[in-house]
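Below: the structure, in structure tokens.
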Amino acid sequence: MAEFTVGDRDFLVDGRPVRLLSGALHYFRVHEELWPHRLRMLRAMGLNCVETYVPWNLHEPAPGRYADVEALGRFLDAADEAGLWAIVRPGPYICAEWDNGGLPHWLTAAVGARVRTSDPEYLASVERWFGRLLPQVVSRQIDRGGPVIMVQVENEYGSYGSDLPYLSALAALLRTRGIDVPLFTSDGPEDHMLTGGSVPGVLATVNFGSAARAAFETLREHRSGGPLMCMEFWCGWFDNWGAGHVVRDPADAAGTLREILECGASVNIYMAHGGTNFAGRAGANRTGALHDGVLEPDVTSYDYDAPVDEAGRPTEKFWLFREVLAGYGEGPLPDVPTAPPVLGDGPVRAELDVWAPLDEVIDALGGPETRTPMPPSFEELGVDRGLVRYRVAVPGPRRPYPLTLAGLRDLAVVQVDGVRAGVLREEDPVLAEPVAGPAVVEAWVESLGRVNYGPRTGEPKGITGGFLHERQYLHGVRARGLRLDAFDDAAAVAALPFRAPSWPGARGLYRGSFDIASPGDARLWLPGWTRGFVWVNGRCLGRYWAVGPQESLYVPGPVLRAGRNELWVLELEGAGEGHVRLA
């Protein structure tokens, strides 16, 4: 079996120097049937390695309840079949513009600010999780005939903390659980990040999008030996709801890639292929130099302006990168694989012909209703992704006073005595019109994605401060949560009290169908719809939102089938036209 080692200046395979030409591709953001194609695209671009994160919260949605942990192993097998080495970044924190940075909501709710430290309760959960996860990696290491050549310790820890005993404990845990290949850390090329995130005896790498020579000079000031590697070369960027679409000039990105390689360094292109944040799992960031400002939720698409686009097609950036990489690989590059089929039918109009009101949906599919003095958080109600309906009474008689949803995270549609009173965000949580008593207030609060980077990772969702009428708390709050995964139960969805809608439509779950003859990749548009989620044949495509910049949702070809296809749309604010369109 081959052996992969870290030398004084080079990576070595059986003692032979090699250059790692890697690309990030997250198995959880790509439909499994499309993995082989996307991996062949990486090979055709000139890469010899693929890198992936592992999102803990995807695979352990509740303590001790695991969901398809074996997907990682299947992906590593697919990488091996494609002729690629593999770098695995198991976290436990991953960032990745993924909800809560990959940490389970139930864990961050329990340990709070002790997350990502050497706190015994936190580390005990990590150890239990790694005990379940790492067998998928251990048996696929290169010295056992598999593709895995390196494993990361945590992720960009120097951007967050300085608990070096924590990093050392993670490195020791990986070794104890059977990881024999080289370990590494990755951080920004800044002094405080490298000192806070590096571990003696573990390879240090750096992440950046430009100025490669300066970044490597900083790394060398901290580590005089070991191979140079940019573990995340940011060749594009992600989008936030309500902002503009971010792109990077292809020639500029290719120039930085060339600079990295001219430094004698290895590289991991982030992202080589971005994929999609299916099922509402996109994260969020906060503005400001210290990442503690306004919430900026990430869109459903994780296209990232990558060289291989969301649908797996080569872009101009792909061809420029391929030209650069061809000079550093071994032998001629393989041909670019044929793209997967696209929807063969003309534009398809899918009518939404029945509807169930949102109140009835949450009463049927939601969790039990609680009654507490103060509003419970999403975490206390066991809601990771979805929404919570809060109800509270305003005593009376009393004159109108301002009503505030203190500590609102993230967005609320508010009704007073059944009449829409406003849509609030955390930066402006006060209703425009004061509320008189007696009255009944409902606040339908939606999580737009948990913070995935910075000091506010792990913060709770919901109404975290309380209902304030002037300065007085309103107590006796009833709350019921609706998790997105409740819609995985197709029989429960079918049993909802559907009826004919009227247009423009109210909030609720809309159902329809459409027929196609030639399934393939498609885009789905929702003209006039405001904000919500879409399912096709039971697969949640993710969130849509009229604020943009994303205007349509990617539908992977394998989700569709010849003949009749089922469509659900959960509209959370106000439906537009009574159809959607696929093309």
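Chain lettering (A, B, ...) mirrors the order of the structure tokens, residue numbering begins at 1 for each chain separately, and ligand numbering begins at 1 in order of display.
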
Met231 in chain A: which residues within 12 Å, counting only C-alpha atoms, same-chain residues fewer than 5 positions away excluded, as a PyMOL selection string?
chain A and resi 20-24+49-52+87-89+150-152+155-156+184-189+203-209+212+215-216+260+265-271

Near Glu127 in chain A, counting only C-alpha atoms, which residues have an atom at most 9 Å away, once you skip same-chain residues fewer than 5 positions from it, shown as a PyMOL selection string?
chain A and resi 122+132+170+173

Expressed in Å to a single decimal, how great is the separation between CA of Ala495 in chain A and CA of Gly538 in chain A?
14.8 Å

Give the alpha helix (DSSP H) residues of range 149-313 of chain A, as assigned by DSSP on the backbone, as number ranges by chain.
A: 164-176, 191-197, 212-222, 250-262

Show me a table, sorted first by chain and then by increasing residue number, of the residues of range 5-111 of chain A having an atom at most 7 Å from range 327-335 of chain A, each with its shortest atom pair and the distance in Å to one decimal, counting only C-alpha atoms and written as a Markdown table.
| residue | atom | partner | partner_atom | distance |
| --- | --- | --- | --- | --- |
| A:Arg43 | CA | A:Pro334 | CA | 6.9 |
| A:Ala44 | CA | A:Pro334 | CA | 5.1 |
| A:Gly46 | CA | A:Leu333 | CA | 6.1 |

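One finds CA of Gly542 in chain A at 4.8 Å from CA of Gly280 in chain A.
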
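Considering the residues A:Arg281, A:Pro558, A:Gly574, A:Val18 and counting only C-alpha atoms, Val423 in chain A has its shortest atom-to-atom contact with A:Gly574.
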
Counting only C-alpha atoms, what is within 10 Å of Trp319 in chain A, bar same-chain residues fewer than 2 positions away, as a PyMOL selection string?
chain A and resi 44-45+250+254+307-308+314-317+321-325

Selection export as a PDB file, in the first residue's frame, atoms kept: N, CA, C and O atoms:
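Okay, selection_21.pdb is ready:
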ATOM      1  N   ALA A  44     -10.749  16.462 -14.744  1.00  0.00           N
ATOM      2  CA  ALA A  44     -10.556  17.101 -16.049  1.00  0.00           C
ATOM      3  C   ALA A  44     -10.014  18.511 -15.920  1.00  0.00           C
ATOM      4  O   ALA A  44      -9.343  19.016 -16.833  1.00  0.00           O
ATOM      5  N   MET A  45     -10.248  19.168 -14.791  1.00  0.00           N
ATOM      6  CA  MET A  45      -9.711  20.505 -14.575  1.00  0.00           C
ATOM      7  C   MET A  45      -8.216  20.459 -14.277  1.00  0.00           C
ATOM      8  O   MET A  45      -7.534  21.478 -14.350  1.00  0.00           O
ATOM      9  N   PRO A 250     -12.554  35.848 -13.774  1.00  0.00           N
ATOM     10  CA  PRO A 250     -11.857  34.580 -13.980  1.00  0.00           C
ATOM     11  C   PRO A 250     -10.356  34.733 -14.187  1.00  0.00           C
ATOM     12  O   PRO A 250      -9.566  33.932 -13.660  1.00  0.00           O
ATOM     13  N   ALA A 254      -7.435  33.103 -11.895  1.00  0.00           N
ATOM     14  CA  ALA A 254      -6.419  32.230 -12.491  1.00  0.00           C
ATOM     15  C   ALA A 254      -5.016  32.772 -12.224  1.00  0.00           C
ATOM     16  O   ALA A 254      -4.068  31.993 -12.025  1.00  0.00           O
ATOM     17  N   PRO A 307     -15.360  27.269 -10.531  1.00  0.00           N
ATOM     18  CA  PRO A 307     -15.068  26.886 -11.924  1.00  0.00           C
ATOM     19  C   PRO A 307     -16.040  25.857 -12.485  1.00  0.00           C
ATOM     20  O   PRO A 307     -16.291  25.845 -13.689  1.00  0.00           O
ATOM     21  N   VAL A 308     -16.600  24.992 -11.644  1.00  0.00           N
ATOM     22  CA  VAL A 308     -17.680  24.089 -12.046  1.00  0.00           C
ATOM     23  C   VAL A 308     -18.947  24.625 -11.402  1.00  0.00           C
ATOM     24  O   VAL A 308     -19.049  24.684 -10.178  1.00  0.00           O
ATOM     25  N   PRO A 314     -18.798  23.426 -16.947  1.00  0.00           N
ATOM     26  CA  PRO A 314     -17.550  24.205 -16.906  1.00  0.00           C
ATOM     27  C   PRO A 314     -17.824  25.674 -17.223  1.00  0.00           C
ATOM     28  O   PRO A 314     -18.614  25.993 -18.104  1.00  0.00           O
ATOM     29  N   THR A 315     -17.170  26.553 -16.486  1.00  0.00           N
ATOM     30  CA  THR A 315     -17.278  27.983 -16.722  1.00  0.00           C
ATOM     31  C   THR A 315     -15.984  28.491 -17.358  1.00  0.00           C
ATOM     32  O   THR A 315     -15.014  27.740 -17.538  1.00  0.00           O
ATOM     33  N   GLU A 316     -15.941  29.770 -17.663  1.00  0.00           N
ATOM     34  CA  GLU A 316     -14.700  30.364 -18.170  1.00  0.00           C
ATOM     35  C   GLU A 316     -13.570  30.158 -17.170  1.00  0.00           C
ATOM     36  O   GLU A 316     -12.418  29.885 -17.544  1.00  0.00           O
ATOM     37  N   LYS A 317     -13.882  30.246 -15.883  1.00  0.00           N
ATOM     38  CA  LYS A 317     -12.887  30.033 -14.844  1.00  0.00           C
ATOM     39  C   LYS A 317     -12.331  28.610 -14.905  1.00  0.00           C
ATOM     40  O   LYS A 317     -11.141  28.378 -14.671  1.00  0.00           O
ATOM     41  N   PHE A 321      -8.403  27.785 -15.301  1.00  0.00           N
ATOM     42  CA  PHE A 321      -7.736  26.985 -14.277  1.00  0.00           C
ATOM     43  C   PHE A 321      -7.123  25.734 -14.898  1.00  0.00           C
ATOM     44  O   PHE A 321      -6.013  25.323 -14.530  1.00  0.00           O
ATOM     45  N   ARG A 322      -7.844  25.126 -15.803  1.00  0.00           N
ATOM     46  CA  ARG A 322      -7.327  23.915 -16.462  1.00  0.00           C
ATOM     47  C   ARG A 322      -6.023  24.225 -17.197  1.00  0.00           C
ATOM     48  O   ARG A 322      -5.071  23.442 -17.163  1.00  0.00           O
ATOM     49  N   GLU A 323      -5.959  25.398 -17.827  1.00  0.00           N
ATOM     50  CA  GLU A 323      -4.746  25.795 -18.541  1.00  0.00           C
ATOM     51  C   GLU A 323      -3.580  25.973 -17.569  1.00  0.00           C
ATOM     52  O   GLU A 323      -2.452  25.534 -17.846  1.00  0.00           O
ATOM     53  N   VAL A 324      -3.851  26.589 -16.405  1.00  0.00           N
ATOM     54  CA  VAL A 324      -2.792  26.775 -15.412  1.00  0.00           C
ATOM     55  C   VAL A 324      -2.351  25.431 -14.839  1.00  0.00           C
ATOM     56  O   VAL A 324      -1.153  25.122 -14.738  1.00  0.00           O
ATOM     57  N   LEU A 325      -3.310  24.599 -14.451  1.00  0.00           N
ATOM     58  CA  LEU A 325      -3.009  23.341 -13.779  1.00  0.00           C
ATOM     59  C   LEU A 325      -2.325  22.338 -14.686  1.00  0.00           C
ATOM     60  O   LEU A 325      -1.577  21.462 -14.211  1.00  0.00           O
TER      61      LEU A 325
END

Name the residues in contact with range 162-164 of chain A at a cut-off of 10 Å, using only C-alpha atoms, excluding same-chain residues fewer than 4 positions from it; report them as number ranges by chain.
A: 116-118, 157-158, 168-170, 192-200

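Using only C-alpha atoms, the smallest distance between any of A:Leu553, A:Leu295, A:Val493, A:Leu107 and Asp521 in chain A comes from A:Leu553.
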
Record the distance separating CA of Arg371 in chain A and CA of Arg480 in chain A, expressed in Å with one decimal.
9.2 Å
